[in-house]
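One structure is given here, and the rest of the page talks about it.
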Amino acid sequence: MSDYGTFLAGAAPSTIGAVLCFGTVTFTAAALASRTFLLGDNRAILAAVSFSPHHKDRIAPVENSFVSIFSLFFHLNIFGLVLLATYIIQHHPPFPHDMRAEFDPDYLVFLGILSCILALSTLRPNFGRKKRGGRQGGTGQLPGTDESSTFHDGNSTIASGLPSIATRRSFRSGASSRSGRSSRSGGSGGASRGSSQNSYGSSQGSVEEIDLQDGKSSMQLDTLEEESQSLVSHDRSSQLSNGSGLDDVSLLDEDGSKSTNKSGDRSKLSGRSASASTKTDLMNLHQTLEVRGLLSSFFIFYQLTGAELSVNEVNIFHNASRIGASFFVFLTGFGHATYFYARNSCRPGRVMQVLFRMNLTAFFLCATMNKPYILYYVCPLHSVAFLITFCVMRINQSVNYDRYGLRMKLAALALIIFAVWDLNLGIFDLVFSPFFSRNPSLPGVVNGPLWEWYYQSHMHHWIWFVGIVYAINYPVTSLLLNKMEIMSNSGMALAKGTIGLSFVAAISMWIQGPFSNSTYYFAKMNPYYAFIPVLAFVYFRNSTSFLRKHHLKALKIIGKFSLEIFLFHHYFFLADHGDSTLVLIPGYPKCNIIVSIFLLFLVARTTHNLTTILSGMLFPVDDDNKCIRSLAIIIIGTLGFYCTAFALDAMGLAGTTNICIGILLLGIVTYKIVLDMTWTEYKNVGRQLATDLPAEETIIAKASPPIIGIMVILVLGISCHILSLAGASGGKLPLEHSCEAYANEGTWAPVTACNEYQRGLDTRQLDVGAYYRDCDDTAVMHWGWRETAPNLKCQFRSRPSSEIQKKLSHRKIIFIGDLMVRELYNALCRLLGDQTAGMYDASVADHSDISNRIGNIHLEYKWAPLAFDQVSKMKEIRTKGNAGIKSPDLLIVGGGTLDRLHVWATDEDQASHNVAVQKLAKELEFASAPAIWCTPTTVNTPALSNEEKRNQMNEMTISEVRKMYKELEVESSANFVLDGPSYSRGRVSESYDGILYPRMVYDAGIQIAANSFDWLLPPADNEDDLFEPPLTGLLGTLPLGLMMVCLCIIGLFCLDGYFGFSYLPSLFVRRSDRRKRMYQDQNGASAVMPNDIFEEAFIPYHQLLKLPVHNLRAGSRSSRRNKKQDSDRGMEMTQQDSDILSLLDNDSLLGNQSISRRSNATR
């Protein structure tokens, strides 16, 4: 399985299963496409490719028809090709992955400012331009379509006669125009065909009747929690587009002009200055997408500049990224709670569609890349938040629209959240341990999946609940904001300024507190304080009418596929779990970044559109039976492919040839099944629509499709095989033994200290403005390996301390040799974390043994200057091993320099030395552990201290010693040779005594040896048993958890989406607008405290969305009192009342909009 010459070498069964699955899909799609093409009927092909992302198609559920099934296979095939490209980029990239650059805060700030300037240049109003062919959200028809070809309301169905737009454009140019005219003119006949049993033209909305619209699609899941991010911008606009809006409610048209009801009456939404605009209200869809784009952009820059790699204990950039993740979770709670509340529907189809949309890409990335699911932690995080939101809205659904019913349920949910995450009672383990294992440690998940899930979920376990509270208080929050905007200038400034200053004060304390602490402390405190910056941003972003009416288009576009950006940045930008970067243009890192980000955005957008189409086809929201059927088929198919792959792997048959044969067999069977179910009906309908189609298919047309499918699979297979041979080895794969020949090939490269990054760092941290030497003279030398051909799969790299610690865990390494070997021993100690190793200490004898234990790693150095001494030490180690004492796991032996000085004077000495070297070769060959032989480093002859040394130990004589050791098979007897001249040749002048070098030289030498550990030291068999995961429950804080429970109860029962901040303006409003306030209170027309405007906000809101309203007044004495007052005064304010209010207000009301009230308005 270690043969890198095979495309799927070392692939896990899940990867093989994914290859079998999408290989079968590709074969079937190619065969079906060629079959309909050879027939001369291209309806299916045109229908499949007509799902243009620029038009946000309405997608019909999958039906038992050829066009529908082919469209499904077509998009699954594209999705599989995206996964294939991802696999190639990760495992067989064109060039070796490069290490990430050191973090530069100046670079991050520069990118942030530049992106802000570019984003501001795309400032657009939310209204946009009216699209031709109908209002936005309505029926946008393509030129030439029938007027009857219109969409139904939320079901994405089409009621039209044949032919639809797909029909009229589905034939070749040689099709008869006469048949097209007859089909268009035959309305009744088309209608009858459309109502027949065949799926094409069916009134049930099959894929054959795909039409495109310019407006908004209710099936389009634009954001992580799909289309339900803003109540006003989604539900209200969808109702209006379907003609179901309320006639007695005034709405703003797309151009911002005011509309009236049928009778010409003004809006009766009491106290609203901007009445129910679909695109300018609080937290509209444009704004939520813009926020997602802003957070995704920051995340990209955060990863791009390596901010997470900052060595500072307090990493504010990492903390800021966690706040961004909290904002995403807040939007999830807000969006889904808004959807379920506004739609009054908790159907299983919605649940399956959302979960499928969220987890489809993550699931297949896990399978294809053999990665743990928790690595994409945003998917389980948002999925759990969605499921809990669904459950709380679904349980006892009838009380959701009572005055306090839903709020009581949410209060109970707050207590459950408190018990699971904030109390260390073991409830968290009981709930989630069946889904996330505690052991073992996995790549990228160093503490185990369960701890990683606990860490991530704890960090955000309150913020999504804050989003739910904000959602159910949305009508009050929106109405209160509009009420503040119809005040006088001074009153509005005081009201808004009070809330704003309060948020500024809270943010200041938050910055000085949790935000400016260590990463671990911040993660512990974030769930209890994250609501402060999140709600502050929401408030300031919606603080003025101008801000609500505009958005940044560039960020909005990015926000649509924020989920896919997070998922694919692991592969199309970063690699190796974030430790390295993808290289497409070697030697040009900035250009490489541009290309990588472009590919990331392209793949993210493509995948977003594919998952949107697939979720709409497989899981229609309004058909639970089809959703359950699709789920069952997906589960059975996935298990079938995985079991097949597991069986092949277990039997040792998971080779490329066998996998291709399996794909072809499964593809032929699938192709045959699809034809048997759909082909006859599809062919008959095509002949009715085009008279030039042949009466019977030729033998070539019948036999060619499987052959074409085989050719497609062979072309893909050969291409992948070539890429695996020519490409580099992606990821941190262990080096093969064949790389030994290139391990010592490297050089010392100069790195100047006067580069832009270093100068800025010195100025910021050290107040250094200039250097005492020219930049050309201040270069620092660094060791680097020579580039090898990518197909050699020998990508040497500097090994970090954590990797070496894990590699040498519970191992014993013994160094035997002279002073050079001692310095290598000190270098390994430093690499493992002991920075005191090798420091000058006169109290330590130079010629003595040393022992050191670093964690669970045991290191020993034995002084053995001559070959005879080295043989003696190795025999001693072998004897102890025979006596039951633990043998070393690795031997590092070296010498030869002092032999040339002390045992080379006479022929007898040389003969004796030759015998000792031969014995040394035998000891190395039969050593109980892998052995590394270290040849002497280059000698700096002029630096030798006396004439004897210069005569006996000069570089020429030492080179003869190296040659002799090689001839006597010392090097061939060792498992690896660390060539001293290779890593010391470029630093000869720095050898202060002619033999020893500065520490960095030996650091380079031990890095060469560390790369050889890949093939010298196999993974420990008990590596998983040694893993000890941390305990869950350690991050919860009881007092702060109680604080959040209290704040959530305040937000729930005081009707404040800002958790108490909205009550502050009432102190100033009563003083500055007292006369106006008194008049309005007397007439029941206005109120400025959230608990005073419950019915005023919710009753019109419910009536607009056709939700129950009878229980909103229950138990409200003020409602009964105001109801009596309304019956006495009438339902609308008189003109005299409006004139009095205008005189009390120095400024005209915003947008010349009148103040009106409903009969159920309260104080």
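Note on naming: chains are A, B, ... as they come in the structure tokens, residues start from 1 per chain, ligands start from 1 in the order shown.
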
Using only C-alpha atoms, which residues sit within 8 Å of range 564-566 of chain A once same-chain residues fewer than 2 positions away are excluded, as a list in words?
Ser296, Thr361, Phe561, Ser562, Phe568, His569, His570, Leu600, Phe601, Ala604, Arg605, Thr607 and His608 of chain A

Selection above as a file: all heavy atoms, as a compact mmCIF listing (two decimals), in the first residue's frame:
# COMPACT_ATOMS: atom_id res chain seq x y z
N SER A 296 -16.15 35.64 6.16
CA SER A 296 -15.36 34.72 5.33
C SER A 296 -14.09 35.40 4.82
O SER A 296 -13.03 34.76 4.76
CB SER A 296 -16.20 34.22 4.16
OG SER A 296 -17.31 33.49 4.60
N THR A 361 -21.25 18.01 1.38
CA THR A 361 -19.85 18.22 1.00
C THR A 361 -18.90 17.72 2.07
O THR A 361 -17.89 17.06 1.77
CB THR A 361 -19.61 19.71 0.72
OG1 THR A 361 -20.54 20.18 -0.26
CG2 THR A 361 -18.19 19.93 0.21
N PHE A 561 -21.49 31.51 -0.44
CA PHE A 561 -20.84 30.20 -0.34
C PHE A 561 -19.77 30.19 0.75
O PHE A 561 -18.68 29.66 0.59
CB PHE A 561 -20.24 29.77 -1.69
CG PHE A 561 -19.54 30.87 -2.46
CD1 PHE A 561 -18.21 31.14 -2.26
CD2 PHE A 561 -20.23 31.64 -3.38
CE1 PHE A 561 -17.56 32.13 -2.96
CE2 PHE A 561 -19.61 32.63 -4.09
CZ PHE A 561 -18.26 32.88 -3.88
N SER A 562 -20.12 30.79 1.89
CA SER A 562 -19.19 30.84 3.01
C SER A 562 -18.90 29.45 3.57
O SER A 562 -17.78 29.16 3.99
CB SER A 562 -19.74 31.74 4.12
OG SER A 562 -21.03 31.31 4.51
N PHE A 568 -13.33 23.92 1.79
CA PHE A 568 -12.31 23.67 0.77
C PHE A 568 -11.02 24.44 1.00
O PHE A 568 -10.04 24.18 0.29
CB PHE A 568 -12.87 24.01 -0.62
CG PHE A 568 -13.79 22.97 -1.17
CD1 PHE A 568 -15.16 23.15 -1.13
CD2 PHE A 568 -13.29 21.80 -1.72
CE1 PHE A 568 -16.02 22.19 -1.63
CE2 PHE A 568 -14.14 20.83 -2.23
CZ PHE A 568 -15.51 21.02 -2.18
N HIS A 569 -10.98 25.36 1.95
CA HIS A 569 -9.71 26.05 2.19
C HIS A 569 -8.68 25.09 2.75
O HIS A 569 -7.48 25.36 2.67
CB HIS A 569 -9.91 27.24 3.13
CG HIS A 569 -9.73 26.91 4.58
ND1 HIS A 569 -10.72 26.35 5.35
CD2 HIS A 569 -8.66 27.05 5.40
CE1 HIS A 569 -10.28 26.16 6.58
NE2 HIS A 569 -9.03 26.57 6.63
N HIS A 570 -9.12 23.95 3.32
CA HIS A 570 -8.18 22.95 3.80
C HIS A 570 -7.37 22.32 2.67
O HIS A 570 -6.31 21.74 2.93
CB HIS A 570 -8.93 21.84 4.54
CG HIS A 570 -9.59 22.28 5.81
ND1 HIS A 570 -10.85 22.82 5.84
CD2 HIS A 570 -9.15 22.27 7.08
CE1 HIS A 570 -11.18 23.11 7.09
NE2 HIS A 570 -10.17 22.80 7.86
N LEU A 600 -10.06 28.50 -5.04
CA LEU A 600 -10.90 28.27 -3.87
C LEU A 600 -12.30 28.83 -4.08
O LEU A 600 -13.30 28.16 -3.83
CB LEU A 600 -10.25 28.90 -2.64
CG LEU A 600 -11.07 28.89 -1.35
CD1 LEU A 600 -11.36 27.46 -0.90
CD2 LEU A 600 -10.34 29.65 -0.24
N PHE A 601 -12.38 30.08 -4.56
CA PHE A 601 -13.69 30.69 -4.80
C PHE A 601 -14.45 29.96 -5.90
O PHE A 601 -15.67 29.76 -5.81
CB PHE A 601 -13.51 32.16 -5.18
CG PHE A 601 -13.28 33.05 -4.00
CD1 PHE A 601 -12.98 32.54 -2.75
CD2 PHE A 601 -13.34 34.43 -4.14
CE1 PHE A 601 -12.77 33.35 -1.66
CE2 PHE A 601 -13.13 35.26 -3.05
CZ PHE A 601 -12.85 34.71 -1.81
N ALA A 604 -15.65 26.65 -4.48
CA ALA A 604 -16.68 26.89 -3.47
C ALA A 604 -18.01 27.26 -4.11
O ALA A 604 -19.07 26.75 -3.73
CB ALA A 604 -16.22 27.98 -2.51
N ARG A 605 -17.95 28.15 -5.09
CA ARG A 605 -19.20 28.56 -5.75
C ARG A 605 -19.83 27.40 -6.52
O ARG A 605 -21.05 27.21 -6.48
CB ARG A 605 -18.92 29.73 -6.68
CG ARG A 605 -20.16 30.30 -7.31
CD ARG A 605 -19.86 31.43 -8.26
NE ARG A 605 -21.09 31.99 -8.83
CZ ARG A 605 -21.11 32.91 -9.76
NH1 ARG A 605 -19.98 33.40 -10.24
NH2 ARG A 605 -22.25 33.37 -10.23
N THR A 607 -19.52 24.20 -5.95
CA THR A 607 -20.07 23.22 -5.01
C THR A 607 -21.33 23.74 -4.35
O THR A 607 -22.28 22.98 -4.11
CB THR A 607 -19.02 22.90 -3.94
OG1 THR A 607 -17.80 22.51 -4.57
CG2 THR A 607 -19.49 21.76 -3.05
N HIS A 608 -21.37 25.02 -4.06
CA HIS A 608 -22.58 25.60 -3.47
C HIS A 608 -23.77 25.42 -4.41
O HIS A 608 -24.86 25.00 -3.98
CB HIS A 608 -22.36 27.09 -3.20
CG HIS A 608 -23.62 27.84 -2.87
ND1 HIS A 608 -24.19 27.80 -1.62
CD2 HIS A 608 -24.42 28.62 -3.63
CE1 HIS A 608 -25.29 28.53 -1.63
NE2 HIS A 608 -25.45 29.04 -2.84

So which residues of range 392-627 of chain A fall under helix (DSSP H, G or I) by DSSP, listed as a count of residues only?
171

Range 421-427 of chain A environment, 9 Å, only C-alpha atoms, sequence neighbours closer than 3 positions dropped, as a PyMOL selection string:
chain A and resi 416-418+430-432+454+457-458+461+1032-1042

Please measure the separation of CA of Ala929 in chain A and CA of Gly881 in chain A, giving the value in Å to one decimal.
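Here the two named atoms are 10.6 Å from each other.
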
From the list A:Gln688, A:Asn473, A:Ser508, A:Ser437, which residue is nearest Asn1091 in chain A when using only C-alpha atoms?
A:Asn473

Tell me which protein, DNA and RNA residues are within 12 Å of Glu948 in chain A, counting only C-alpha atoms, leaving out same-chain ones fewer than 3 positions away, and put them as a PyMOL selection string.
chain A and resi 900-902+905+941+944-945+951-954
